[in-house]
Amino acid sequence: MRNLAAENEDMSGKVYMVEMKDGEISSFRIIGETSTHYIFSYSTNETVEVFEKAKNEVIGIFEVREWWDSKGSE
């Protein structure tokens with residue numbers, strides 16, 4: 001499974017599984033990034049939330065399908 005956080009690849013606009021240092025693993029849409037932060041969004045039934053997370057707090061960013069496929073093989 002490729003960790004896209006370790007590669008210099010444009011990830012804007014797509015939904016990824018994001019693993020944080022605190023152990024949280026969630027799916028977020030990446031809407032942008034700066035040299036130090038990722039800008040994520042997620043939606044609930046009624047709202048869209050946007051937040052930023054320091055890149056040093058993110059362990060990994062993975063394609064959703066690859067992430068789910070790897071969980072099935074564990």
# chains A, B, ... in the order shown; residues from 1 in each chain; ligands from 1
$ residues_around --residues "Gly60 in chain A" --least-positions-apart "2" --cutoff "10 Å" --atoms "only C-alpha atoms" --output "PDB file with C-alpha atoms, in the first residue's frame"
ATOM      1  CA  ARG A   2       1.492   3.313  -1.089  1.00  0.00           C
ATOM      2  CA  ASN A   3       1.757   6.085   1.499  1.00  0.00           C
ATOM      3  CA  LEU A   4       0.969   9.162  -0.583  1.00  0.00           C
ATOM      4  CA  ALA A   5       2.071  11.502   2.224  1.00  0.00           C
ATOM      5  CA  ALA A   6       5.631  10.371   1.526  1.00  0.00           C
ATOM      6  CA  TYR A  16      -8.299   9.455   0.998  1.00  0.00           C
ATOM      7  CA  MET A  17      -7.895   7.457   4.180  1.00  0.00           C
ATOM      8  CA  VAL A  18      -5.787   9.600   6.502  1.00  0.00           C
ATOM      9  CA  GLU A  19      -3.905   8.205   9.490  1.00  0.00           C
ATOM     10  CA  MET A  20      -2.924  10.659  12.216  1.00  0.00           C
ATOM     11  CA  LYS A  21      -0.221  10.319  14.870  1.00  0.00           C
ATOM     12  CA  ILE A  25      -7.958   6.949  10.851  1.00  0.00           C
ATOM     13  CA  LYS A  55       1.848  17.619   7.992  1.00  0.00           C
ATOM     14  CA  GLU A  57       0.791  15.134  12.597  1.00  0.00           C
ATOM     15  CA  VAL A  58      -0.134  12.936   9.606  1.00  0.00           C
ATOM     16  CA  PHE A  62      -3.734   6.173   1.378  1.00  0.00           C
TER      17      PHE A  62
END
$ select_by_dssp --residues "chain A" --states "helix (DSSP H, G or I)" --output "PyMOL selection string"
chain A and resi 4-6+55-57+64-72
$ atom_distance --atom1 "CA of Lys53 in chain A" --atom2 "CA of Gly72 in chain A"
28.2 Å
$ closest_residue --among "A:Glu63, A:Glu7, A:Ile31, A:Asp69" --to "Phe51 in chain A" --atoms "only C-alpha atoms"
A:Ile31
$ closest_residue --among "A:Ser70, A:Glu9, A:Val64, A:Ile59" --to "Glu24 in chain A" --atoms "only C-alpha atoms"
A:Ile59
$ residues_around --residues "Gly13 in chain A" --least-positions-apart "6" --cutoff "9 Å" --atoms "only C-alpha atoms" --output "VMD selection string"
chain A and resid 29 to 32
$ select_by_dssp --residues "chain A" --states "strand (DSSP E)" --output "PyMOL selection string"
chain A and resi 15-20+25-33+37-43+48-54+58-63
$ decode --residues "range 2-30 of chain A" --atoms "N, CA and C atoms" --output "short mmCIF file (atom, residue, chain, number, x, y, z; two decimals), in the first residue's frame"
data_model
loop_
_atom_site.label_atom_id
_atom_site.label_comp_id
_atom_site.auth_asym_id
_atom_site.auth_seq_id
_atom_site.Cartn_x
_atom_site.Cartn_y
_atom_site.Cartn_z
N ARG A 2 0.66 2.11 -0.95
CA ARG A 2 1.49 3.31 -1.09
C ARG A 2 1.04 4.40 -0.11
N ASN A 3 2.01 4.96 0.62
CA ASN A 3 1.76 6.08 1.50
C ASN A 3 1.97 7.36 0.69
N LEU A 4 0.88 7.99 0.28
CA LEU A 4 0.97 9.16 -0.58
C LEU A 4 1.52 10.39 0.13
N ALA A 5 1.50 10.39 1.46
CA ALA A 5 2.07 11.50 2.22
C ALA A 5 3.58 11.56 2.03
N ALA A 6 4.19 10.43 1.72
CA ALA A 6 5.63 10.37 1.53
C ALA A 6 6.05 10.71 0.09
N GLU A 7 5.09 10.85 -0.80
CA GLU A 7 5.39 11.12 -2.20
C GLU A 7 4.93 12.53 -2.55
N ASN A 8 5.59 13.15 -3.49
CA ASN A 8 5.17 14.48 -3.94
C ASN A 8 4.17 14.33 -5.08
N GLU A 9 2.94 14.07 -4.72
CA GLU A 9 1.90 13.83 -5.70
C GLU A 9 0.74 14.78 -5.42
N ASP A 10 0.10 15.30 -6.45
CA ASP A 10 -1.05 16.18 -6.26
C ASP A 10 -2.23 15.33 -5.82
N MET A 11 -2.75 15.60 -4.63
CA MET A 11 -3.85 14.82 -4.08
C MET A 11 -5.12 15.64 -3.95
N SER A 12 -5.09 16.88 -4.36
CA SER A 12 -6.24 17.77 -4.18
C SER A 12 -7.48 17.26 -4.87
N GLY A 13 -8.61 17.35 -4.15
CA GLY A 13 -9.91 17.03 -4.72
C GLY A 13 -10.39 15.62 -4.51
N LYS A 14 -9.52 14.71 -4.11
CA LYS A 14 -9.92 13.32 -3.94
C LYS A 14 -10.07 12.96 -2.47
N VAL A 15 -10.80 11.89 -2.21
CA VAL A 15 -11.00 11.40 -0.85
C VAL A 15 -9.96 10.30 -0.57
N TYR A 16 -9.33 10.40 0.60
CA TYR A 16 -8.30 9.46 1.00
C TYR A 16 -8.54 9.01 2.44
N MET A 17 -7.96 7.88 2.79
CA MET A 17 -7.90 7.46 4.18
C MET A 17 -6.66 8.14 4.76
N VAL A 18 -6.86 8.83 5.89
CA VAL A 18 -5.79 9.60 6.50
C VAL A 18 -5.54 9.06 7.90
N GLU A 19 -4.29 8.72 8.18
CA GLU A 19 -3.90 8.20 9.49
C GLU A 19 -3.11 9.27 10.22
N MET A 20 -3.57 9.62 11.41
CA MET A 20 -2.92 10.66 12.22
C MET A 20 -2.04 10.02 13.28
N LYS A 21 -1.11 10.81 13.81
CA LYS A 21 -0.22 10.32 14.87
C LYS A 21 -0.97 9.89 16.11
N ASP A 22 -2.14 10.50 16.38
CA ASP A 22 -2.90 10.15 17.58
C ASP A 22 -3.70 8.86 17.42
N GLY A 23 -3.55 8.19 16.26
CA GLY A 23 -4.23 6.92 16.03
C GLY A 23 -5.53 7.03 15.26
N GLU A 24 -6.04 8.25 15.05
CA GLU A 24 -7.27 8.43 14.29
C GLU A 24 -7.04 8.05 12.83
N ILE A 25 -7.98 7.28 12.27
CA ILE A 25 -7.96 6.95 10.85
C ILE A 25 -9.34 7.28 10.31
N SER A 26 -9.40 8.21 9.37
CA SER A 26 -10.68 8.65 8.82
C SER A 26 -10.52 8.97 7.35
N SER A 27 -11.65 9.04 6.67
CA SER A 27 -11.61 9.44 5.26
C SER A 27 -11.91 10.93 5.17
N PHE A 28 -11.05 11.63 4.45
CA PHE A 28 -11.19 13.06 4.25
C PHE A 28 -10.91 13.39 2.79
N ARG A 29 -11.53 14.45 2.32
CA ARG A 29 -11.18 15.00 1.01
C ARG A 29 -10.06 16.01 1.22
N ILE A 30 -9.02 15.91 0.44
CA ILE A 30 -7.94 16.90 0.51
C ILE A 30 -8.29 18.02 -0.46
#
